[in-house]
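Here the structure is laid out as structure tokens; the discussion comes afterwards.
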Amino acid sequence: MAIPKVCGIETEYGIVARGLDVTPTVASSLLVNAFSDDGLSLRVWDFVGETPHVDARGEWDARSEYPHVESLMANAVLTNGARYYVDHAHPEVSTPECATPSGALLYDRAGELIIEESMRRAATRLPEGAELVAYKNNSDGKGNSYGCHENYLVARDVPFGLLGRFITVHFVTRQVFCGAGKVGVEQSREGEPGVPFQLSQRADFFEEEVGLETTIRRPIVNTRDEPHADPLRFRRLHVIAGDANMSQTATWLKLGTTAMVLSMIEDGWFPESLVIADPVSAVRHISHDRTLRRTVRTADGRDLTALDIQHELCDAVARWLDTAPDDTVGGEGRTIHAEWHRILDGLSGDPASVAPWVDWVAKRRLVEGYAERHSLEPHDPRLRAIDLQYHDMRPGRCLARRAGLATLVDDRDAVVAVQRPPDDTRAFFRGECVRRFPDRVVSANWDGIVFDTPDGLVRVPMMDPLKGTRELTGELLSSVRDVDQLLDALGGGSTERVDSDPGW
Amino acid sequence: MQERAKKHATEEREDEQADAPAAPSGAGDRIKAELDDILDEIDGVLEENAEEFVKNYVQKGGE
């Protein structure tokens, strides 16, 4: 039985420090701290139950001299329930958990505003002429890639092997509408013809069907089993096979279609005949074909284009929607389906017609139009520059903002979402606690918050992403004066003592 | 210009939804007509030394 598709997006931004001789890690920390030392954000992430190799000690003053790298891993929980931190050598925004694809889109846009504001604040602290610039892309064009990951709540009782085999079909083919476009090819394979432009930023980097890695030999389906929720009931499908989108329609459709295909798998409605025989080759094969006419072979021996497969998936989702008691995406299912169908039809007819909604089409139009106007060769650096600058987060420089993309999010709502959490998941409780009790929250992570009390540290676990909502906790939070009253009201059954010293 | 492009895109989308599922035959032409304006703007904001910018854009692998 399909469960609600609580979802979220983690975006690693590319970072450039101009007029400043610092490592990317330092640059990323300068950026994150410029935003998160405003006194509003909680600057400690709780690593309990997470990868142990990252150092959580993040306190330092950006206005003083640049500190050593070891002490720099900025890591904050924001009042909107998001996590904003330095991951390796990139600034990363993880949206709060959202109950609908449009909710996750709103917080992805809020994430962009957080990055913009960080760049502005950082500029006031840097030497004259120095600047930090973030790029919402996934590749430097030189073989280095960084991710935009999606997360979906999935029922634990669906066998993972089956889930992976089926969802791979969508991951391989959805790039026709959510690829962000790229000039050139990276990680060229022997005998493979080069192409001047391809659909996806990330397609060149996938080498396995399934696996645990995210940085080397990247798999199409990532097996990281870290549910950040009750492990007996839930999985978190951690998706690494996607591009960061500038098109809001693409972000919304990427989340909405994936959520519904996953639901269809949970309910046993996935059309098994669409399973692709060699998905690893198919990812590149499809991305490298701007005509959308190349075929890939299914396991049952049919040769289908990515669009054929997408149309069949789209039709299957319609049939599933007709029978499902709940669309699992908060009531947006029909709208998402209609828009998905419309975009696929547009791509099947005249791909240029979907430029306002599909990133690769919008970007390709700029690249090819510019090349034609100035009679440029395909390898001219100006075309690579257009590709990079499409994703430039400075409003004055961003080419995506000038490409005629349709907007779905009202920026007045996004400005509110920079500070306030969504109402309909546990992110509400997390964000509100950080906002209301800044002196008493010691640390937080996805599935719990640790409070400082006169009797020691007390953790409130949040093992169900759909609890801790405004509906369930809003009145309580408004009625208590302080953390002690809050914990009293929650009762001993909802809290646990933290015995060990977390080390900060 | 940017606002105009956005507004135009939104109108187009409404038109297409109203006409759905007919193929948006006019949309492609309208979008091509916008392109000249957009290219003018790119000329104004593109990094001045594109070659240097592209060469220096080096990132560490992430995730």
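In the structure tokens, chains take the letters A, B, ... in the order shown, each chain's residues start at 1, and ligands count up from 1 in the order shown.
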
Show which residues sit within 6 Å of Gly8 (chain A), as a tab-separated table (two decimals) with N, CA and C atoms, in the first residue's frame. Count only C-alpha atoms, and ignore same-chain residues fewer than 5 positions away.
chain	number	residue	atom	x	y	z
A	95	THR	N	16.46	21.04	1.80
A	95	THR	CA	15.16	21.59	2.16
A	95	THR	C	14.60	20.82	3.35
A	97	GLU	N	11.67	18.60	5.14
A	97	GLU	CA	10.77	17.59	4.60
A	97	GLU	C	9.45	18.26	4.23
A	104	ALA	N	7.97	21.19	-1.66
A	104	ALA	CA	9.42	21.02	-1.83
A	104	ALA	C	9.96	22.02	-2.85
A	150	GLU	N	17.44	13.95	-4.37
A	150	GLU	CA	16.07	14.00	-3.89
A	150	GLU	C	15.88	12.87	-2.87
A	151	ASN	N	14.93	13.07	-1.99
A	151	ASN	CA	14.61	12.05	-1.00
A	151	ASN	C	13.11	11.83	-0.96

Quick one: everything within 12 Å of Val450 (chain A), counting only C-alpha atoms, minus sequence neighbours fewer than 2 positions away in the same chain. Send it as a PyMOL selection string.
-> chain A and resi 42+44-48+430+433-434+437-448+452-453+456-462+483+487+495-499+501-502

CA of Arg394 (chain A) to CA of Arg373 (chain A), distance in Å rounded to a single decimal | 25.3 Å

Near region 45-52 of chain B, within 8 Å and counting only C-alpha atoms, which residues show up once chain neighbours fewer than 4 positions away are dropped, as a VMD selection string?
-> (chain A and resid 381 to 382 385 to 386 389 396 to 397) or (chain B and resid 41 56)

Enumerate, in order of chain and increasing residue number, the residues of chain A with an atom no farther than 7 Å from chain B, each with its shortest atom pair and distance in Å to one decimal, counting only C-alpha atoms, as a Markdown table.
| residue | atom | partner | partner_atom | distance |
| --- | --- | --- | --- | --- |
| A:Gly14 | CA | B:Gln59 | CA | 6.6 |
| A:His88 | CA | B:Gly62 | CA | 6.2 |
| A:Ala89 | CA | B:Lys60 | CA | 6.3 |
| A:His90 | CA | B:Gly62 | CA | 6.9 |
| A:Asp140 | CA | B:Val58 | CA | 5.7 |
| A:Asn144 | CA | B:Gly61 | CA | 4.8 |
| A:Ser145 | CA | B:Gly61 | CA | 4.9 |
| A:Tyr146 | CA | B:Gly62 | CA | 4.3 |
| A:Gly147 | CA | B:Glu63 | CA | 5.7 |
| A:Thr214 | CA | B:Glu63 | CA | 6.0 |
| A:Thr215 | CA | B:Glu63 | CA | 5.9 |
| A:Gly346 | CA | B:Ala23 | CA | 6.8 |
| A:Gly349 | CA | B:Ala23 | CA | 6.6 |
| A:Ala352 | CA | B:Gly28 | CA | 5.7 |
| A:Ser353 | CA | B:Gly28 | CA | 4.5 |
| A:Pro356 | CA | B:Ala9 | CA | 6.0 |
| A:Tyr370 | CA | B:Leu39 | CA | 6.4 |
| A:Pro381 | CA | B:Glu51 | CA | 5.2 |
| A:Arg382 | CA | B:Ala50 | CA | 5.3 |
| A:Arg384 | CA | B:Val54 | CA | 6.6 |
| A:Ala385 | CA | B:Ala50 | CA | 5.7 |
| A:Arg397 | CA | B:Val45 | CA | 5.8 |
| A:Arg402 | CA | B:Gln2 | CA | 5.6 |
| A:Ala403 | CA | B:Ile38 | CA | 6.7 |
| A:Gly404 | CA | B:Ala5 | CA | 4.9 |
| A:Leu405 | CA | B:Lys6 | CA | 6.3 |
| A:Ala406 | CA | B:Ala9 | CA | 5.5 |

I need the chosen residues saved as a compact mmCIF listing (two decimals), in the first residue's frame, with C-alpha atoms.
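What landed in selection-v7.txt:
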# COMPACT_ATOMS: atom_id res chain seq x y z
CA GLY A 14 29.30 25.04 -7.25
CA HIS A 88 33.11 18.46 1.33
CA ALA A 89 33.95 21.49 -0.81
CA HIS A 90 30.46 22.78 -1.57
CA ASP A 140 32.46 21.89 -13.90
CA ASN A 144 34.04 16.83 -11.63
CA SER A 145 30.45 16.42 -10.54
CA TYR A 146 28.46 17.35 -7.44
CA GLY A 147 24.93 16.38 -6.67
CA THR A 214 27.88 8.63 -4.35
CA THR A 215 31.30 10.04 -5.31
CA GLY A 346 5.35 19.07 -26.52
CA GLY A 349 5.88 17.37 -31.34
CA ALA A 352 11.56 23.91 -28.95
CA SER A 353 7.99 24.60 -27.85
CA PRO A 356 9.66 27.88 -20.94
CA TYR A 370 24.43 32.63 -29.55
CA PRO A 381 34.58 28.84 -24.65
CA ARG A 382 31.77 31.38 -24.83
CA ARG A 384 30.68 26.79 -22.16
CA ALA A 385 30.45 30.13 -20.37
CA ARG A 397 24.23 37.50 -14.04
CA ARG A 402 16.70 35.69 -18.75
CA ALA A 403 15.70 32.57 -20.67
CA GLY A 404 11.94 33.09 -20.45
CA LEU A 405 11.30 30.29 -17.95
CA ALA A 406 7.83 30.17 -16.43

Compile the contact shell of Glu272 (chain A) as a ChimeraX atom specification: residues with an atom at most 9 Å away, counting only C-alpha atoms, same-chain residues fewer than 3 positions apart removed.
-> /A:166,269,275

Polymer residues at most 12 Å from region 343-345 of chain A, only C-alpha atoms, same-chain spacing of 3 or more positions, as a ChimeraX atom specification = /A:173-178,249-250,253,292,306-315,336-340,348-358,361 /B:13,16-17,20-25

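Counting from CA of Ile3 (chain A), the distance to CA of Asp108 (chain A) is 22.8 Å.
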
Could you give me the residues within region 67-280 of chain A that DSSP places in strand (DSSP E or B), as a ChimeraX atom specification?
-> /A:75-77,83-87,90-94,98,131-135,139,145,148-155,182-183,197-198,206-211,218-222,234-239,276

Close residues, Pro96 (chain A) itself excluded, 6 Å, only C-alpha atoms, min 3 positions apart in chain, as an MDAnalysis selection string = chainID A and resid 81:82 427

Give me every helix (DSSP H, G or I) residue in region 165-267 of chain A, going by DSSP on the backbone, as a ChimeraX atom specification.
-> /A:165-173,175-178,203-205,248-266

Residues from last step as file, C-alpha atoms, as a CSV table (one decimal), in the first residue's frame:
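What follows is the written file again_9.csv:
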chain,number,residue,atom,x,y,z
A,165,ARG,CA,14.8,-2.2,-10.8
A,166,PHE,CA,11.6,-0.4,-11.5
A,167,ILE,CA,12.4,3.2,-10.5
A,168,THR,CA,15.6,3.0,-12.6
A,169,VAL,CA,13.3,3.1,-15.7
A,170,HIS,CA,12.1,6.6,-14.6
A,171,PHE,CA,15.6,7.8,-13.6
A,172,VAL,CA,17.0,6.8,-17.0
A,173,THR,CA,14.2,8.4,-19.1
A,175,GLN,CA,16.0,13.4,-18.2
A,176,VAL,CA,14.0,14.3,-21.3
A,177,PHE,CA,12.0,16.8,-19.2
A,178,CYS,CA,14.2,17.4,-16.2
A,203,ALA,CA,24.4,11.5,-17.2
A,204,ASP,CA,28.1,11.2,-18.0
A,205,PHE,CA,28.9,10.2,-14.4
A,248,GLN,CA,10.6,25.5,-11.4
A,249,THR,CA,8.3,23.4,-13.6
A,250,ALA,CA,11.1,20.9,-14.0
A,251,THR,CA,11.8,20.7,-10.3
A,252,TRP,CA,8.1,20.2,-9.5
A,253,LEU,CA,7.6,17.6,-12.2
A,254,LYS,CA,10.8,15.8,-11.2
A,255,LEU,CA,9.5,15.4,-7.7
A,256,GLY,CA,5.9,14.8,-8.5
A,257,THR,CA,6.4,12.2,-11.2
A,258,THR,CA,9.0,10.3,-9.2
A,259,ALA,CA,6.8,10.3,-6.1
A,260,MET,CA,3.9,8.9,-8.1
A,261,VAL,CA,6.0,6.3,-9.9
A,262,LEU,CA,7.3,5.2,-6.5
A,263,SER,CA,3.7,5.0,-5.2
A,264,MET,CA,2.7,2.9,-8.3
A,265,ILE,CA,5.6,0.5,-7.4
A,266,GLU,CA,4.4,0.3,-3.8

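Taking CA of Arg293 (chain A) and CA of Ser281 (chain A) as endpoints, the distance between them is 15.7 Å.
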
Which residues, written as a PyMOL selection string, have at least one atom at most 10 Å from Gln419 (chain A), with only C-alpha atoms counted and residues fewer than 5 positions away on the same chain left out?
-> chain A and resi 40-41+78-82+110+114+414+431-432+435
